[in-house]
>>> print(open('protein-v9.cif').read())   # mmCIF, C-alpha atoms and all ligand atoms
data_coords
#
loop_
_atom_site.label_atom_id
_atom_site.label_comp_id
_atom_site.auth_asym_id
_atom_site.auth_seq_id
_atom_site.Cartn_x
_atom_site.Cartn_y
_atom_site.Cartn_z
CA MET C 220 15.06 17.19 27.94
CA ALA C 221 12.37 14.67 28.60
CA LEU C 222 11.07 12.69 25.72
CA GLU C 223 7.46 13.21 24.78
CA LEU C 224 5.31 10.37 23.60
CA LYS C 225 1.80 10.37 22.35
CA SER C 226 -0.35 7.52 23.49
CA ILE C 227 -3.21 7.10 21.11
CA PHE C 228 -4.21 3.47 20.92
CA LEU C 229 -5.37 2.53 17.48
CA VAL C 230 -5.43 -1.23 17.79
CA PRO C 231 -8.99 -2.58 17.73
CA SER C 232 -10.06 -4.80 20.59
CA LEU C 233 -9.33 -8.49 20.39
CA SER C 234 -12.99 -9.32 20.17
CA HIS C 235 -13.29 -6.99 17.19
CA ASN C 236 -10.34 -8.70 15.55
CA ARG C 237 -11.81 -12.12 16.12
CA ARG C 238 -15.14 -11.10 14.64
CA ARG C 239 -13.46 -9.59 11.63
CA ARG C 240 -11.28 -12.62 11.05
CA HIS C 241 -14.23 -14.93 11.34
CA ARG C 242 -16.06 -12.85 8.77
CA LEU C 243 -13.05 -12.81 6.50
CA GLN C 244 -12.67 -16.55 6.70
CA SER C 245 -16.33 -17.04 5.86
CA LEU C 246 -15.97 -14.72 2.88
CA LEU C 247 -12.89 -16.50 1.65
CA ILE C 248 -14.84 -19.61 0.80
CA ALA C 249 -16.80 -17.73 -1.87
CA PRO C 250 -16.90 -19.75 -5.10
CA TRP C 251 -14.26 -17.78 -6.95
CA ALA C 252 -12.54 -20.75 -8.49
CA LEU C 253 -14.13 -20.60 -11.91
CA VAL C 254 -12.66 -18.38 -14.57
CA VAL C 255 -14.09 -17.53 -17.94
CA PHE C 256 -11.81 -17.39 -20.90
CA ALA C 257 -11.61 -14.35 -23.05
CA MET C 258 -14.58 -12.77 -24.72
CA ALA C 259 -14.19 -10.73 -27.83
CA PRO C 260 -14.28 -7.03 -26.92
CA ALA C 261 -17.34 -6.58 -29.14
CA LEU C 262 -19.29 -8.87 -26.80
CA VAL C 263 -18.18 -7.15 -23.64
CA ASN C 264 -21.18 -4.88 -23.32
CA ALA C 265 -23.74 -7.61 -23.94
CA ALA C 266 -26.69 -7.42 -21.53
CA ALA C 267 -26.36 -10.89 -20.01
CA PRO C 268 -23.28 -11.61 -17.87
CA PRO C 269 -21.06 -14.38 -19.21
CA VAL C 270 -21.55 -17.84 -17.78
CA GLY C 271 -19.27 -18.45 -14.83
CA VAL C 272 -18.61 -14.80 -14.07
CA ARG C 273 -17.49 -14.35 -10.52
CA ILE C 274 -19.72 -13.02 -7.81
CA GLY C 275 -19.31 -9.28 -7.68
CA GLY C 276 -17.95 -9.15 -11.19
CA VAL C 277 -18.47 -6.07 -13.31
CA LYS C 278 -18.68 -5.64 -17.02
CA THR C 279 -15.80 -4.23 -18.96
CA VAL C 280 -16.81 -0.91 -20.44
CA PHE C 281 -14.60 0.66 -23.07
CA THR C 282 -15.33 4.38 -23.33
CA GLY C 283 -14.21 4.44 -26.96
CA ASP C 284 -11.33 6.79 -26.14
CA VAL C 285 -7.73 5.92 -26.92
CA ILE C 286 -4.97 7.87 -25.12
CA ASN C 287 -1.31 7.43 -26.00
CA GLY C 288 -2.30 4.28 -27.82
CA LYS C 289 -4.04 2.78 -24.77
CA LYS C 290 -7.74 2.01 -24.71
CA VAL C 291 -9.74 3.63 -21.92
CA VAL C 292 -12.08 1.66 -19.65
CA SER C 293 -14.53 2.98 -17.06
CA SER C 294 -14.91 -0.47 -15.51
CA LEU C 295 -12.99 -3.68 -16.03
CA ASN C 296 -13.53 -7.41 -15.73
CA THR C 297 -10.21 -9.10 -16.42
CA ASP C 298 -12.08 -12.26 -17.40
CA ASP C 299 -13.00 -10.38 -20.57
CA LEU C 300 -9.38 -9.90 -21.60
CA GLU C 301 -7.48 -12.17 -23.96
CA PRO C 302 -5.30 -14.71 -22.12
CA GLY C 303 -1.59 -15.13 -22.71
CA ARG C 304 -0.68 -11.46 -23.07
CA LYS C 305 -0.33 -8.14 -21.29
CA HIS C 306 -2.95 -5.45 -21.64
CA LEU C 307 -2.10 -1.78 -21.10
CA LEU C 308 -5.18 0.32 -20.37
CA TYR C 309 -6.22 3.60 -18.86
CA PHE C 310 -8.94 3.54 -16.22
CA GLN C 311 -11.14 6.62 -16.31
CA GLY C 312 -11.16 8.04 -12.81
CA VAL C 313 -12.82 11.08 -11.32
CA GLN C 314 -13.45 14.22 -13.33
CA MET C 315 -11.33 17.35 -12.88
CA ALA C 316 -12.55 20.91 -12.55
CA THR C 317 -11.87 21.37 -16.27
CA GLY C 318 -14.21 18.55 -17.22
CA GLN C 319 -11.34 16.25 -18.14
CA TYR C 320 -10.56 13.05 -16.22
CA TRP C 321 -7.82 11.73 -14.00
CA TYR C 322 -6.84 8.57 -15.87
CA VAL C 323 -5.05 5.78 -14.03
CA SER C 324 -2.52 3.44 -15.67
CA VAL C 325 -3.45 -0.24 -15.56
CA ILE C 326 -1.45 -3.28 -16.67
CA VAL C 327 -3.08 -6.70 -16.74
CA ALA C 328 -0.83 -9.71 -17.24
CA LYS C 329 -3.39 -12.36 -18.16
CA GLY C 330 -2.04 -15.87 -17.86
CA ILE C 331 -2.61 -18.53 -20.43
CA ARG C 332 -4.50 -20.57 -17.81
CA PRO C 333 -7.00 -19.43 -15.13
CA GLY C 334 -5.80 -19.20 -11.54
CA LYS C 335 -5.32 -16.78 -8.67
CA ARG C 336 -5.84 -13.10 -9.40
CA LEU C 337 -3.37 -10.80 -7.64
CA THR C 338 -3.62 -7.03 -7.71
CA LEU C 339 -0.65 -4.74 -7.06
CA THR C 340 -1.31 -1.07 -6.38
CA SER C 341 0.98 1.95 -6.03
CA GLY C 342 0.71 5.71 -5.94
CA VAL C 343 -2.09 6.04 -3.40
CA HIS C 344 0.28 8.63 -1.97
CA GLY C 345 1.80 10.92 -4.56
CA ASP C 346 5.39 11.14 -3.30
CA GLU C 347 6.06 7.40 -3.02
CA MET C 348 8.00 6.66 -6.16
CA SER C 349 9.58 3.35 -5.09
CA SER C 350 6.10 1.85 -4.84
CA VAL C 351 5.51 2.61 -8.51
CA HIS C 352 8.93 1.36 -9.57
CA THR C 353 8.53 -1.88 -7.63
CA VAL C 354 5.25 -2.68 -9.37
CA GLN C 355 6.69 -1.70 -12.77
CA THR C 356 9.64 -4.03 -12.21
CA ILE C 357 7.46 -6.97 -11.19
CA MET C 358 5.18 -6.53 -14.20
CA GLY C 359 8.23 -6.39 -16.45
CA ARG C 360 9.29 -9.81 -15.22
CA LEU C 361 6.01 -11.53 -15.99
CA ASN C 362 5.51 -13.68 -19.06
CA PRO C 363 1.76 -14.32 -19.48
CA ALA C 364 2.47 -17.27 -21.78
CA GLU C 365 3.75 -19.22 -18.75
CA MET C 366 1.36 -17.83 -16.14
CA THR C 367 -1.56 -19.52 -14.40
CA GLY C 368 -3.77 -16.69 -13.18
CA THR C 369 -3.79 -12.94 -13.56
CA VAL C 370 -1.72 -10.09 -12.15
CA MET C 371 -3.19 -6.61 -12.39
CA ALA C 372 -1.13 -3.52 -11.64
CA VAL C 373 -2.72 -0.13 -10.94
CA LEU C 374 0.19 2.23 -10.82
CA ASP C 375 -0.78 5.86 -10.25
CA ILE C 376 -4.02 5.98 -8.31
CA ALA C 377 -3.69 9.46 -6.76
CA ARG C 378 -2.85 11.10 -10.08
CA PRO C 379 -2.96 14.79 -9.06
CA ALA C 380 -0.84 14.08 -5.99
CA ILE C 381 1.73 12.31 -8.15
CA GLU C 382 1.78 15.16 -10.66
CA SER C 383 2.91 17.47 -7.87
CA MET C 384 5.09 14.93 -5.97
CA GLN C 385 3.17 15.26 -2.75
CA ARG C 386 1.55 12.80 -0.39
CA ARG C 387 -2.00 14.16 -0.46
CA TRP C 388 -4.63 14.70 -3.15
CA PRO C 389 -5.16 18.42 -3.95
CA SER C 390 -8.84 19.20 -4.34
CA SER C 391 -10.47 22.55 -4.92
CA GLY C 392 -13.82 22.19 -3.18
CA ARG C 393 -13.23 24.99 -0.67
CA GLY C 394 -10.05 26.49 -1.94
CA LEU C 395 -7.11 24.16 -2.21
CA GLU C 396 -7.39 21.26 0.22
CA LEU C 397 -5.04 18.35 0.62
CA THR C 398 -6.71 15.02 1.30
CA ASP C 399 -4.89 11.89 2.43
CA MET C 400 -6.38 9.36 0.01
CA ASN C 401 -5.29 6.48 2.22
CA ARG C 402 -7.90 7.47 4.77
CA GLU C 403 -10.71 7.41 2.19
CA TRP C 404 -11.05 3.75 1.20
CA PRO C 405 -13.26 2.16 0.03
CA GLY C 406 -14.40 5.58 -1.11
CA ASN C 407 -17.75 6.62 -2.46
CA GLU C 408 -18.61 7.38 -6.08
CA GLN C 409 -21.17 9.89 -4.80
CA GLY C 410 -18.94 11.15 -1.97
CA LEU C 411 -18.03 14.67 -0.91
CA GLY C 412 -14.74 15.37 -2.62
CA ALA C 413 -12.79 14.10 -5.58
CA ALA C 414 -10.45 11.85 -3.56
CA SER C 415 -13.36 9.92 -2.10
CA ARG C 416 -14.96 9.58 -5.52
CA GLN C 417 -11.71 8.48 -7.12
CA ALA C 418 -11.32 5.83 -4.42
CA GLY C 419 -14.90 4.67 -4.94
CA LEU C 420 -14.53 4.40 -8.70
CA VAL C 421 -11.20 2.60 -8.53
CA PHE C 422 -12.27 0.21 -5.77
CA GLN C 423 -15.72 -0.77 -7.08
CA ARG C 424 -15.02 -0.84 -10.81
CA LEU C 425 -11.43 -2.00 -10.96
CA LEU C 426 -9.87 -3.43 -7.80
CA LYS C 427 -12.51 -5.40 -5.91
CA PRO C 428 -14.10 -7.25 -8.84
CA ASN C 429 -10.76 -8.51 -10.17
CA THR C 430 -8.86 -9.49 -7.05
CA ASP C 431 -8.37 -12.61 -4.92
CA LEU C 432 -5.24 -11.33 -3.14
CA ALA C 433 -3.88 -7.79 -3.02
CA ILE C 434 -0.74 -5.88 -2.10
CA ASP C 435 -0.79 -2.08 -1.74
CA PHE C 436 2.75 -0.73 -2.00
CA HIS C 437 3.86 2.40 -0.13
CA THR C 438 7.04 4.11 1.10
CA GLY C 439 7.97 6.65 3.72
CA THR C 440 6.77 10.18 3.19
CA THR C 441 8.40 13.52 2.42
CA GLY C 442 10.48 14.50 5.44
CA LEU C 443 10.19 11.10 7.13
CA ASP C 444 11.96 8.06 5.70
CA ALA C 445 10.77 4.51 6.25
CA ALA C 446 12.79 1.34 6.52
CA ALA C 447 11.87 -1.79 4.57
CA PHE C 448 8.93 -3.30 6.42
CA HIS C 449 5.36 -4.52 6.12
CA ILE C 450 2.17 -3.38 7.79
CA GLY C 451 -0.43 -6.11 8.04
CA ASP C 452 -2.50 -8.32 10.29
CA MET C 453 -0.63 -11.57 11.00
CA GLY C 454 -3.90 -12.98 12.34
CA ILE C 455 -5.22 -13.33 8.79
CA PRO C 456 -3.62 -16.51 7.42
CA GLU C 457 -3.20 -15.41 3.81
CA VAL C 458 -1.77 -12.05 4.89
CA LYS C 459 0.73 -13.80 7.14
CA THR C 460 1.67 -16.20 4.35
CA MET C 461 2.30 -13.38 1.89
CA MET C 462 4.27 -11.15 4.27
CA MET C 463 6.51 -14.00 5.36
CA LEU C 464 7.45 -14.67 1.71
CA TYR C 465 9.46 -11.42 1.56
CA PRO C 466 13.13 -11.10 2.56
CA VAL C 467 12.14 -8.00 4.53
CA PRO C 468 13.47 -7.53 8.08
CA MET C 469 10.44 -6.04 9.88
CA ILE C 470 6.70 -6.69 10.12
CA TRP C 471 4.40 -4.40 12.03
CA ASP C 472 1.61 -6.80 12.92
CA ASN C 473 -1.17 -4.23 13.10
CA PRO C 474 -4.22 -3.38 10.96
CA VAL C 475 -3.75 0.41 11.52
CA TYR C 476 -6.44 2.83 10.32
CA PRO C 477 -9.91 1.85 9.07
CA GLY C 478 -9.71 3.96 5.88
CA VAL C 479 -6.53 2.50 4.40
CA LEU C 480 -6.80 0.51 1.19
CA HIS C 481 -5.67 -2.79 2.67
CA ASN C 482 -8.47 -2.67 5.24
CA ALA C 483 -11.08 -1.91 2.56
CA TYR C 484 -9.91 -5.04 0.76
CA ILE C 485 -10.06 -7.08 3.97
CA LYS C 486 -13.60 -5.91 4.68
CA ALA C 487 -14.46 -7.14 1.19
CA GLY C 488 -12.98 -10.56 2.03
CA ILE C 489 -9.76 -10.03 0.08
CA PRO C 490 -6.48 -10.52 2.00
CA CYS C 491 -4.17 -7.53 1.63
CA PHE C 492 -1.25 -5.84 3.37
CA THR C 493 0.99 -2.78 2.92
CA PRO C 494 4.70 -3.04 2.19
CA GLU C 495 6.77 0.06 3.00
CA ILE C 496 9.64 0.45 0.54
CA GLY C 497 12.12 2.83 2.12
CA ALA C 498 12.29 6.56 1.52
CA ALA C 499 9.87 8.80 -0.39
CA ARG C 500 10.42 10.89 -3.52
CA HIS C 501 13.34 9.04 -5.07
CA LEU C 502 13.82 5.42 -6.15
CA ASP C 503 15.23 3.53 -3.16
CA LEU C 504 17.22 1.09 -5.27
CA GLU C 505 18.72 -0.75 -2.30
CA VAL C 506 15.31 -1.64 -0.93
CA ILE C 507 13.18 -2.16 -4.04
CA PRO C 508 14.78 -5.53 -4.97
CA LEU C 509 13.65 -7.04 -1.63
CA PHE C 510 10.04 -6.29 -2.49
CA VAL C 511 10.38 -7.46 -6.08
CA GLU C 512 11.85 -10.77 -4.88
CA GLY C 513 9.16 -11.15 -2.23
CA THR C 514 6.32 -10.45 -4.63
CA MET C 515 7.71 -12.95 -7.13
CA ASN C 516 7.80 -15.44 -4.23
CA VAL C 517 4.11 -14.73 -3.58
CA LEU C 518 3.28 -15.33 -7.24
CA LYS C 519 5.26 -18.58 -7.19
CA HIS C 520 3.64 -19.70 -3.94
CA TYR C 521 0.18 -19.34 -5.46
CA GLY C 522 1.24 -21.04 -8.68
CA VAL C 523 0.80 -17.95 -10.85
CA VAL C 524 4.37 -18.08 -12.13
CA PRO C 525 6.74 -21.08 -12.17
CA GLY C 526 10.06 -21.27 -10.39
CA PRO C 527 11.67 -21.81 -7.01
CA ILE C 528 10.96 -19.57 -4.02
CA GLY C 529 13.81 -17.14 -3.30
CA ARG C 530 14.82 -15.58 0.01
CA THR C 531 12.09 -15.08 2.59
CA ALA C 532 11.50 -13.39 5.97
CA VAL C 533 13.47 -16.15 7.69
CA ASP C 534 16.54 -15.26 5.65
CA ALA C 535 16.04 -11.60 6.63
CA ASN C 536 15.93 -12.47 10.36
CA VAL C 537 12.57 -10.76 10.50
CA LEU C 538 11.45 -8.85 13.59
CA ILE C 539 7.68 -9.07 14.10
CA SER C 540 5.96 -6.79 16.58
CA GLN C 541 2.47 -5.46 17.21
CA ASN C 542 3.85 -2.30 18.77
CA VAL C 543 5.30 0.81 17.26
CA VAL C 544 6.48 3.64 19.50
CA THR C 545 6.81 7.13 18.09
CA VAL C 546 9.33 9.68 19.30
CA VAL C 547 7.88 13.16 18.89
CA SER C 548 9.77 16.45 18.82
CA THR C 549 9.21 18.52 21.97
CA ARG C 550 10.89 21.65 20.59
CA GLY C 551 11.50 23.37 17.28
CA GLY C 552 15.05 23.22 15.97
CA PHE C 553 17.74 21.36 14.07
CA ILE C 554 18.03 17.62 14.63
CA GLU C 555 21.31 15.71 14.64
CA TRP C 556 20.83 11.96 14.59
CA LEU C 557 23.08 9.67 16.59
CA VAL C 558 21.50 6.53 15.11
CA LYS C 559 20.44 5.40 11.64
CA MET C 560 17.58 3.57 9.99
CA GLY C 561 17.30 -0.11 10.91
CA ASP C 562 19.49 0.19 14.01
CA ASN C 563 18.55 -1.87 17.04
CA VAL C 564 18.20 0.44 20.04
CA THR C 565 17.88 -0.12 23.78
CA ALA C 566 15.71 1.70 26.29
CA GLY C 567 17.50 4.87 27.39
CA GLN C 568 19.84 4.98 24.42
CA LYS C 569 20.52 8.52 23.21
CA LEU C 570 18.96 9.06 19.77
CA ALA C 571 19.34 12.70 18.79
CA ILE C 572 20.44 16.18 19.79
CA GLN C 573 18.39 19.25 18.89
CA ARG C 574 19.82 22.76 18.57
CA ASN C 575 18.53 26.24 17.82
CA ALA C 576 20.01 28.53 15.17
CA PHE C 577 22.77 29.60 17.59
CA GLY C 578 23.85 26.00 18.00
CA GLU C 579 22.69 25.89 21.59
CA VAL C 580 21.35 22.52 22.66
CA LEU C 581 17.58 22.63 23.14
CA ALA C 582 16.78 18.98 23.68
CA GLN C 583 18.17 15.48 23.67
CA TYR C 584 16.07 12.47 22.85
CA THR C 585 16.42 8.96 24.20
CA SER C 586 14.68 5.74 23.26
CA PRO C 587 11.77 4.80 25.53
CA VAL C 588 11.93 1.15 24.48
CA GLN C 589 14.05 -1.61 23.08
CA GLY C 590 13.44 -2.19 19.41
CA ARG C 591 14.45 -1.46 15.81
CA ILE C 592 14.22 1.89 14.01
CA ALA C 593 11.60 1.69 11.27
CA GLY C 594 11.08 5.38 10.51
CA LEU C 595 13.39 8.37 10.76
CA ARG C 596 12.85 12.05 10.03
CA SER C 597 14.94 13.02 7.01
CA ASP C 598 14.39 16.78 7.13
CA ALA C 599 17.02 18.40 9.33
CA THR C 600 14.60 20.80 10.98
CA THR C 601 11.52 20.02 13.00
CA GLU C 602 8.64 21.82 14.63
CA PRO C 603 7.30 20.81 18.01
CA GLY C 604 4.97 17.86 17.61
CA ASN C 605 6.60 16.44 14.48
CA VAL C 606 7.38 12.75 14.45
CA LEU C 607 11.12 12.26 14.72
CA MET C 608 11.24 8.50 14.67
CA PHE C 609 9.24 5.39 15.10
CA ILE C 610 10.57 2.24 16.62
CA LEU C 611 9.26 -1.28 16.16
CA SER C 612 9.27 -2.21 19.81
CA THR C 613 10.30 -5.47 21.39
CA SER C 614 9.65 -4.19 24.90
CA GLY C 615 6.22 -5.72 25.34
CA SER C 616 2.82 -4.12 25.44
CA THR C 617 3.75 -0.53 24.61
CA SER C 618 1.92 1.28 21.85
CA SER C 619 1.65 4.86 20.68
CA ALA C 620 0.44 7.19 17.99
CA VAL C 621 0.85 6.28 14.37
CA PRO C 622 0.77 9.64 12.64
CA TYR C 623 2.69 8.70 9.54
CA ALA C 624 2.49 5.10 8.49
CA GLU C 625 1.41 3.92 5.06
ZN ZN J 701 1.91 5.83 1.56
#
>>> encode(input="protein-v9.cif", output="structure tokens")
Amino acid sequence: MALELKSIFLVPSLSHNRRRRHRLQSLLIAPWALVVFAMAPALVNAAAPPVGVRIGGVKTVFTGDVINGKKVVSSLNTDDLEPGRKHLLYFQGVQMATGQYWYVSVIVAKGIRPGKRLTLTSGVHGDEMSSVHTVQTIMGRLNPAEMTGTVMAVLDIARPAIESMQRRWPSSGRGLELTDMNREWPGNEQGLGAASRQAGLVFQRLLKPNTDLAIDFHTGTTGLDAAAFHIGDMGIPEVKTMMMLYPVPMIWDNPVYPGVLHNAYIKAGIPCFTPEIGAARHLDLEVIPLFVEGTMNVLKHYGVVPGPIGRTAVDANVLISQNVVTVVSTRGGFIEWLVKMGDNVTAGQKLAIQRNAFGEVLAQYTSPVQGRIAGLRSDATTEPGNVLMFILSTSGSTSSAVPYAE
């Protein structure tokens, strides 16, 4: 049975890329070098901004609530926090239908000296547990007493999606709707729908004002596993530098969709990319350490934490490609894989056999390109039109739909 490919080209034109990079580079020279040392919390709400506050900075606002022993903020300026320690806070997100709030867990490791401010996010999709665990592990390794700079972790951004272990945000505007929050950034505090408002609150009051460099961690999704790889634009120097500091074997050199969080950061002049940490739903303990090591390398590279750089992309024999090719199911039925995640495949290589409930063969799938398998359907059944696989292609200028990534 012939293989079916979708051919939706999502890569912006080169001229668009050049304009965007030029704008990014011009934004990167903003005078963000100065850092203010801690203010007492009682002074935080003073009318005048503190001397030396960064452009775009916001005031820290404590709501006065304390939940599980953590103070609640509705906006945060990490300059206001005491240096040399970790701060565990709840950020007050969008309101629920009951009038309560979706609170988001925030950890700030504030170094003893000012320096780069890195922000690590996870849980933009609710079934991506390894993203949360990776950020937890990194934060657990930080000792603010020896840090120069600040690392902020925002762990569970799409709270209602996480509560129900599903990718999308469940909202009740017109009956239950599921919204992919990673198509909503930078969001809108006055937007139509809770996911857009949550994104707007988190981005404007928490992420953007406190970030020089950002990493938004993801995994595969329910039913479709991912390998260990990065999504990011190698044309942005700081993004390239960060991605190459990971011992991760694949980089998809592509900005992907406009509404993803890493592109909202980039539009704001903040370099960011998206690591993909293996399979969804469970903790992918074989893959997580690669991303912990890589992120610690990033922090060492920028002088935030001391120590030698560990293994990098060179050690992982990284494959970098701008092209991903998806293999889409042409029939409904049961899929038997003949290959596994991370395999190198050649054009024409047989990938899978599909059967109906009688066991009769309905379809066979072959690879349209040479490349490496970066995504693989984990559910044994498939409907027509489901993504079976995506391949990081080394065949040249091929490209195709990207219905799953990040
Ligand atoms: Zn995701």
>>> residues_around(input="protein-v9.cif", residues="region 502-516 of chain C", least_positions_apart="6", cutoff="7 Å", atoms="all atoms listed in the file", output="ChimeraX atom specification")
/C:348-349,353,357,447,464-467,496,528-529,531
>>> closest_residue(input="protein-v9.cif", among="C:Phe422, C:Trp321, C:Trp388, C:Phe436", to="ligand ZN 701 (chain J)", atoms="only C-alpha atoms and all ligand atoms")
C:Phe436
>>> closest_atom_pairs(input="protein-v9.cif", of="chain C", to="ligand ZN 701 (chain J)", cutoff="10 Å", atoms="all atoms listed in the file", output="tab-separated table")
residue	atom	partner	partner_atom	distance
C:Ser341	CA	J:ZN701	ZN	8.6
C:Gly342	CA	J:ZN701	ZN	7.6
C:Val343	CA	J:ZN701	ZN	6.4
C:His344	CA	J:ZN701	ZN	4.8
C:Gly345	CA	J:ZN701	ZN	8.0
C:Asp346	CA	J:ZN701	ZN	8.0
C:Glu347	CA	J:ZN701	ZN	6.4
C:Met348	CA	J:ZN701	ZN	9.9
C:Ser350	CA	J:ZN701	ZN	8.6
C:Arg386	CA	J:ZN701	ZN	7.2
C:Arg387	CA	J:ZN701	ZN	9.4
C:Asp399	CA	J:ZN701	ZN	9.1
C:Met400	CA	J:ZN701	ZN	9.1
C:Asn401	CA	J:ZN701	ZN	7.3
C:Asp435	CA	J:ZN701	ZN	9.0
C:Phe436	CA	J:ZN701	ZN	7.5
C:His437	CA	J:ZN701	ZN	4.3
C:Thr438	CA	J:ZN701	ZN	5.4
C:Gly439	CA	J:ZN701	ZN	6.5
C:Thr440	CA	J:ZN701	ZN	6.7
C:Val479	CA	J:ZN701	ZN	9.5
C:Thr493	CA	J:ZN701	ZN	8.8
C:Pro494	CA	J:ZN701	ZN	9.3
C:Glu495	CA	J:ZN701	ZN	7.7
C:Ile496	CA	J:ZN701	ZN	9.5
C:Ala499	CA	J:ZN701	ZN	8.7
C:Tyr623	CA	J:ZN701	ZN	8.5
C:Ala624	CA	J:ZN701	ZN	7.0
C:Glu625	CA	J:ZN701	ZN	4.0
>>> atom_distance(input="protein-v9.cif", atom1="CA of Val523 (chain C)", atom2="CA of Val351 (chain C)")
21.2 Å
>>> closest_residue(input="protein-v9.cif", among="C:Leu611, C:His520, C:Gly410, C:Leu420", to="Met461 (chain C)", atoms="only C-alpha atoms")
C:His520
>>> residues_around(input="protein-v9.cif", residues="Tyr521 (chain C)", least_positions_apart="5", cutoff="12 Å", atoms="only C-alpha atoms", output="MDAnalysis selection string")
chainID C and resid 334:337 366:370 431:432 457 460:461 464 514:516 526:528
>>> axis_aligned_box(input="protein-v9.cif", around="region 554-562 of chain C", padding_each_side="4 Å", output="lines of an AutoDock Vina configuration file")
center_x = 20.2
center_y = 8.8
center_z = 13.3
size_x = 13.8
size_y = 25.7
size_z = 14.6
>>> residues_near_point(input="protein-v9.cif", point="(0.7, -7.2, -22.2)", cutoff="12 Å", atoms="all atoms listed in the file", output="MDAnalysis selection string")
chainID C and resid 289 300:308 325:331 358:364 369:372
>>> write_last_selection(input="protein-v9.cif", atoms="C-alpha atoms", output="PDB file, in the coordinates of the input")
ATOM      1  CA  LYS C 289      -4.040   2.780 -24.770  1.00  0.00           C
ATOM      2  CA  LEU C 300      -9.380  -9.900 -21.600  1.00  0.00           C
ATOM      3  CA  GLU C 301      -7.480 -12.170 -23.960  1.00  0.00           C
ATOM      4  CA  PRO C 302      -5.300 -14.710 -22.120  1.00  0.00           C
ATOM      5  CA  GLY C 303      -1.590 -15.130 -22.710  1.00  0.00           C
ATOM      6  CA  ARG C 304      -0.680 -11.460 -23.070  1.00  0.00           C
ATOM      7  CA  LYS C 305      -0.330  -8.140 -21.290  1.00  0.00           C
ATOM      8  CA  HIS C 306      -2.950  -5.450 -21.640  1.00  0.00           C
ATOM      9  CA  LEU C 307      -2.100  -1.780 -21.100  1.00  0.00           C
ATOM     10  CA  LEU C 308      -5.180   0.320 -20.370  1.00  0.00           C
ATOM     11  CA  VAL C 325      -3.450  -0.240 -15.560  1.00  0.00           C
ATOM     12  CA  ILE C 326      -1.450  -3.280 -16.670  1.00  0.00           C
ATOM     13  CA  VAL C 327      -3.080  -6.700 -16.740  1.00  0.00           C
ATOM     14  CA  ALA C 328      -0.830  -9.710 -17.240  1.00  0.00           C
ATOM     15  CA  LYS C 329      -3.390 -12.360 -18.160  1.00  0.00           C
ATOM     16  CA  GLY C 330      -2.040 -15.870 -17.860  1.00  0.00           C
ATOM     17  CA  ILE C 331      -2.610 -18.530 -20.430  1.00  0.00           C
ATOM     18  CA  MET C 358       5.180  -6.530 -14.200  1.00  0.00           C
ATOM     19  CA  GLY C 359       8.230  -6.390 -16.450  1.00  0.00           C
ATOM     20  CA  ARG C 360       9.290  -9.810 -15.220  1.00  0.00           C
ATOM     21  CA  LEU C 361       6.010 -11.530 -15.990  1.00  0.00           C
ATOM     22  CA  ASN C 362       5.510 -13.680 -19.060  1.00  0.00           C
ATOM     23  CA  PRO C 363       1.760 -14.320 -19.480  1.00  0.00           C
ATOM     24  CA  ALA C 364       2.470 -17.270 -21.780  1.00  0.00           C
ATOM     25  CA  THR C 369      -3.790 -12.940 -13.560  1.00  0.00           C
ATOM     26  CA  VAL C 370      -1.720 -10.090 -12.150  1.00  0.00           C
ATOM     27  CA  MET C 371      -3.190  -6.610 -12.390  1.00  0.00           C
ATOM     28  CA  ALA C 372      -1.130  -3.520 -11.640  1.00  0.00           C
TER      29      ALA C 372
END
>>> decode(input="protein-v9.cif", residues="region 303-311 of chain C", atoms="N, CA and C atoms", output="compact mmCIF listing (two decimals), in the first residue's frame")
# COMPACT_ATOMS: atom_id res chain seq x y z
N GLY C 303 20.90 34.31 47.37
CA GLY C 303 21.57 33.25 48.13
C GLY C 303 20.64 32.18 48.66
N ARG C 304 19.42 32.12 48.15
CA ARG C 304 18.50 31.06 48.61
C ARG C 304 17.46 30.74 47.55
N LYS C 305 16.74 29.66 47.80
CA LYS C 305 15.64 29.28 46.91
C LYS C 305 14.32 29.79 47.48
N HIS C 306 13.47 30.20 46.58
CA HIS C 306 12.14 30.70 46.96
C HIS C 306 11.10 29.82 46.28
N LEU C 307 10.18 29.28 47.08
CA LEU C 307 9.10 28.46 46.55
C LEU C 307 7.79 29.25 46.66
N LEU C 308 7.18 29.53 45.53
CA LEU C 308 6.01 30.40 45.47
C LEU C 308 4.92 29.75 44.63
N TYR C 309 3.71 30.22 44.82
CA TYR C 309 2.65 29.93 43.87
C TYR C 309 2.34 31.21 43.08
N PHE C 310 2.24 31.06 41.77
CA PHE C 310 1.78 32.16 40.92
C PHE C 310 0.28 32.00 40.71
N GLN C 311 -0.45 33.07 40.94
CA GLN C 311 -1.91 33.02 40.77
C GLN C 311 -2.27 33.18 39.31
